[in-house]
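To start, the structure under review is shown below, and the notes come after it.
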Protein chains: 2
Amino acid sequence: MFGKILYPTDFSEPSQKALDSVRRLFQGCVEEILVLHVFDRRELRNLATVGGIIGKYPIDLDEEFNRLESEHLTKVKKIVDDLKSVGFAATGIVREGIPLREILNVADEEKASVIVLGSHGKSNFEEVILGSVSEGVIKQSQQPVLVIKRDTRRRG
Amino acid sequence: MFGKILYPTDFSEPSQKALDSVRRLFQGCVEEILVLHVFDRRELRNLATVGGIIGKYPIDLDEEFNRLESEHLTKVKKIVDDLKSVGFAATGIVREGIPLREILNVADEEKASVIVLGSHGKSNFEEVILGSVSEGVIKQSQQPVLVIKRDTRRRG
């Protein structure tokens with residue numbers, strides 16, 4: 001029996017695919033699903049810098065941050081509600097910070113039994129590309145990590 | 001609910017640790033555990049070559065192969081019996097071949113829902129070293145892969 005499983009999501013398609021597998025695999029086998037989104041403020045700063053350099057738009061960082069934060073909260077809440085509607089216990093967490101670090105922190109704090117990650121695609125060699133956050137989690141987490149493939153087509 | 005899970009083992013300590021986690025996590029949540037050992041005949045050849053070069057011992061490859069095969073069958077059977085004794089359905093498989101390739105083949109043939117792998121240790125950077133077979137399985141398998149850490153001590 002799995003205790004709490006931690007499902008970090010960046011709302012990307014691979015993350016969504018991983019969630020589909022979570023719903024299928026863990027039905028009846030998990031106490032609670034923690035849905036985590038880490039909001040990386042650095043991205044916002046990069047955006048502001050680019051905006052400043054090319055002079056295309058002025059950006060109010062605080063306003064933009066609040067807008068994005070509320071957008072992320074809504075998305076996490078939707079995932080949590082969907083999970084609850086099919087019988088899971090689920091809790092949403094939104095954090096600001098560096099995604100890799102926050103995923104590891106939450107996994108430790110919440111004593112997650114497993115971290116579930118989606119893979120990002122396939123390279124020219126038909127191998128799965130993990131993405132740097134996933135690779136970091138696999139290498140640095142103390143918890144077991146379940147890597148879920150986006151593409152389940154047969155190898156050539 | 002997990003269907004069949006594939007647990008490949010090289011009988012190493014990280015493999016054993018992974019098995020402990022399997023027993024803890026999947027109790028009541030899995031149809032069957034497939035215990036796979038792949039016997040890599042190339043290792044035997046290397047041994048014979050080294051033996052020949054340094055002239056230390058003559059080696060009868062066929063005899064040695066039969067001896068090892070029977071030893072591996074015994075070890076796999078012991079794991080299967082242990083799993084059965086705590087209530088799991090379990091089946092043992094011993095194959096000859098290249099480990100990565102055979103793990104992927106068995107996962108496909110048996111329609112495993114998850115492949116469970118142990119990690120091999122930590123580098124100087126306190127990161128988990130996966131080992132080339134594990135890395136290959138993560139990158140090339142179609143199935144979700146559960147990576148289980150050997151060392152669960154707190155990061156520094």
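Identifiers in this document derive from the order of the structure tokens: chains are assigned A, B, ..., residues are numbered from 1 separately in each chain, and ligands are numbered from 1 in order of occurrence.
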Using only C-alpha atoms, find each residue in chain A having at least one atom no more than 6 Å away from chain B; report its shortest atom-to-atom pair and that distance in Å (one decimal), rows by chain then rising number, as JSON lines.
```
{"residue": "A:Met1", "atom": "CA", "partner": "B:Leu25", "partner_atom": "CA", "distance": 4.9}
{"residue": "A:Phe2", "atom": "CA", "partner": "B:Leu25", "partner_atom": "CA", "distance": 5.3}
{"residue": "A:Leu25", "atom": "CA", "partner": "B:Met1", "partner_atom": "CA", "distance": 4.9}
{"residue": "A:Phe26", "atom": "CA", "partner": "B:Met1", "partner_atom": "CA", "distance": 5.4}
{"residue": "A:Gln27", "atom": "CA", "partner": "B:Met1", "partner_atom": "CA", "distance": 5.5}
{"residue": "A:Cys29", "atom": "CA", "partner": "B:Cys29", "partner_atom": "CA", "distance": 5.8}
{"residue": "A:Glu127", "atom": "CA", "partner": "B:Lys139", "partner_atom": "CA", "distance": 5.1}
{"residue": "A:Val128", "atom": "CA", "partner": "B:Lys139", "partner_atom": "CA", "distance": 4.6}
{"residue": "A:Lys139", "atom": "CA", "partner": "B:Val128", "partner_atom": "CA", "distance": 4.6}
{"residue": "A:Gln140", "atom": "CA", "partner": "B:Glu127", "partner_atom": "CA", "distance": 5.2}
{"residue": "A:Gln142", "atom": "CA", "partner": "B:Thr152", "partner_atom": "CA", "distance": 5.1}
{"residue": "A:Pro144", "atom": "CA", "partner": "B:Ile148", "partner_atom": "CA", "distance": 4.4}
{"residue": "A:Val145", "atom": "CA", "partner": "B:Val147", "partner_atom": "CA", "distance": 5.1}
{"residue": "A:Leu146", "atom": "CA", "partner": "B:Leu146", "partner_atom": "CA", "distance": 4.2}
{"residue": "A:Val147", "atom": "CA", "partner": "B:Val145", "partner_atom": "CA", "distance": 5.1}
{"residue": "A:Ile148", "atom": "CA", "partner": "B:Pro144", "partner_atom": "CA", "distance": 4.4}
{"residue": "A:Thr152", "atom": "CA", "partner": "B:Gln142", "partner_atom": "CA", "distance": 5.0}
```
Nearby residues (only C-alpha atoms) at most 12 Å from Glu69 in chain A, same-chain spacing under 6 positions excluded, as a ChimeraX atom specification: /A:37-41,44,61-63,75-76,93-96
Picked from chain A by DSSP as strand (DSSP E), as a count of residues only: 37
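Between CA of Val133 in chain A and CA of His120 in chain A there is a distance of 10.5 Å.
Once Val80 in chain A and its same-chain neighbours fewer than 2 positions away are set aside, Tyr7, Thr9, Leu19, Arg23, Glu32, Ile33, Leu34, Val35, Leu36, His37, Leu73, Thr74, Lys75, Val76, Lys77, Lys78, Asp82, Leu83, Lys84, Ser85, Val86, Gly87, Phe88, Ala89, Ala90, Thr91, Gly92, Ile93 and Val94 of chain A remain within 12 Å of it when counting only C-alpha atoms.
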Deliver the residues from the most recent selection as a file, using C-alpha atoms, as an mmCIF file, in the first residue's frame.
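Ended up saving to part-v7.cif:
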```
data_model
loop_
_atom_site.group_PDB
_atom_site.id
_atom_site.type_symbol
_atom_site.label_atom_id
_atom_site.label_comp_id
_atom_site.auth_asym_id
_atom_site.auth_seq_id
_atom_site.Cartn_x
_atom_site.Cartn_y
_atom_site.Cartn_z
ATOM 1 C CA TYR A 7 2.807 14.294 -8.209
ATOM 2 C CA THR A 9 3.243 19.030 -12.394
ATOM 3 C CA LEU A 19 -1.539 11.830 -14.168
ATOM 4 C CA ARG A 23 -5.265 7.409 -11.874
ATOM 5 C CA GLU A 32 -3.424 10.546 -0.708
ATOM 6 C CA ILE A 33 -2.116 12.238 -3.833
ATOM 7 C CA LEU A 34 -0.235 15.495 -3.347
ATOM 8 C CA VAL A 35 -0.477 17.656 -6.453
ATOM 9 C CA LEU A 36 2.450 20.067 -6.483
ATOM 10 C CA HIS A 37 3.185 22.954 -8.785
ATOM 11 C CA LEU A 73 -3.755 27.797 -8.024
ATOM 12 C CA THR A 74 -6.797 27.381 -10.245
ATOM 13 C CA LYS A 75 -5.078 24.732 -12.350
ATOM 14 C CA VAL A 76 -3.908 22.778 -9.315
ATOM 15 C CA LYS A 77 -7.373 22.982 -7.778
ATOM 16 C CA LYS A 78 -8.895 21.595 -10.961
ATOM 17 C CA ASP A 82 -10.786 15.785 -10.765
ATOM 18 C CA LEU A 83 -8.885 13.299 -8.603
ATOM 19 C CA LYS A 84 -11.436 13.627 -5.819
ATOM 20 C CA SER A 85 -14.285 13.081 -8.264
ATOM 21 C CA VAL A 86 -12.877 9.619 -9.063
ATOM 22 C CA GLY A 87 -12.401 8.660 -5.440
ATOM 23 C CA PHE A 88 -8.876 9.730 -4.535
ATOM 24 C CA ALA A 89 -7.921 11.779 -1.500
ATOM 25 C CA ALA A 90 -5.939 14.677 -2.950
ATOM 26 C CA THR A 91 -4.341 17.912 -1.781
ATOM 27 C CA GLY A 92 -2.955 20.757 -3.854
ATOM 28 C CA ILE A 93 0.285 22.582 -3.084
ATOM 29 C CA VAL A 94 1.651 25.621 -4.927
#
```
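Among A:Pro8, A:Asp81, A:Arg42, A:Phe65, the residue with the shortest atom-to-atom distance to Glu102 in chain A, counting only C-alpha atoms, is A:Pro8.
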Between CA of Ser134 in chain B and CA of Glu109 in chain B - distance in Å to one decimal: 19.0 Å
Residue set, chain A restricted to helix (DSSP H, G or I), as a PyMOL selection string: chain A and resi 13-25+41-54+61-85+99-109+132-140
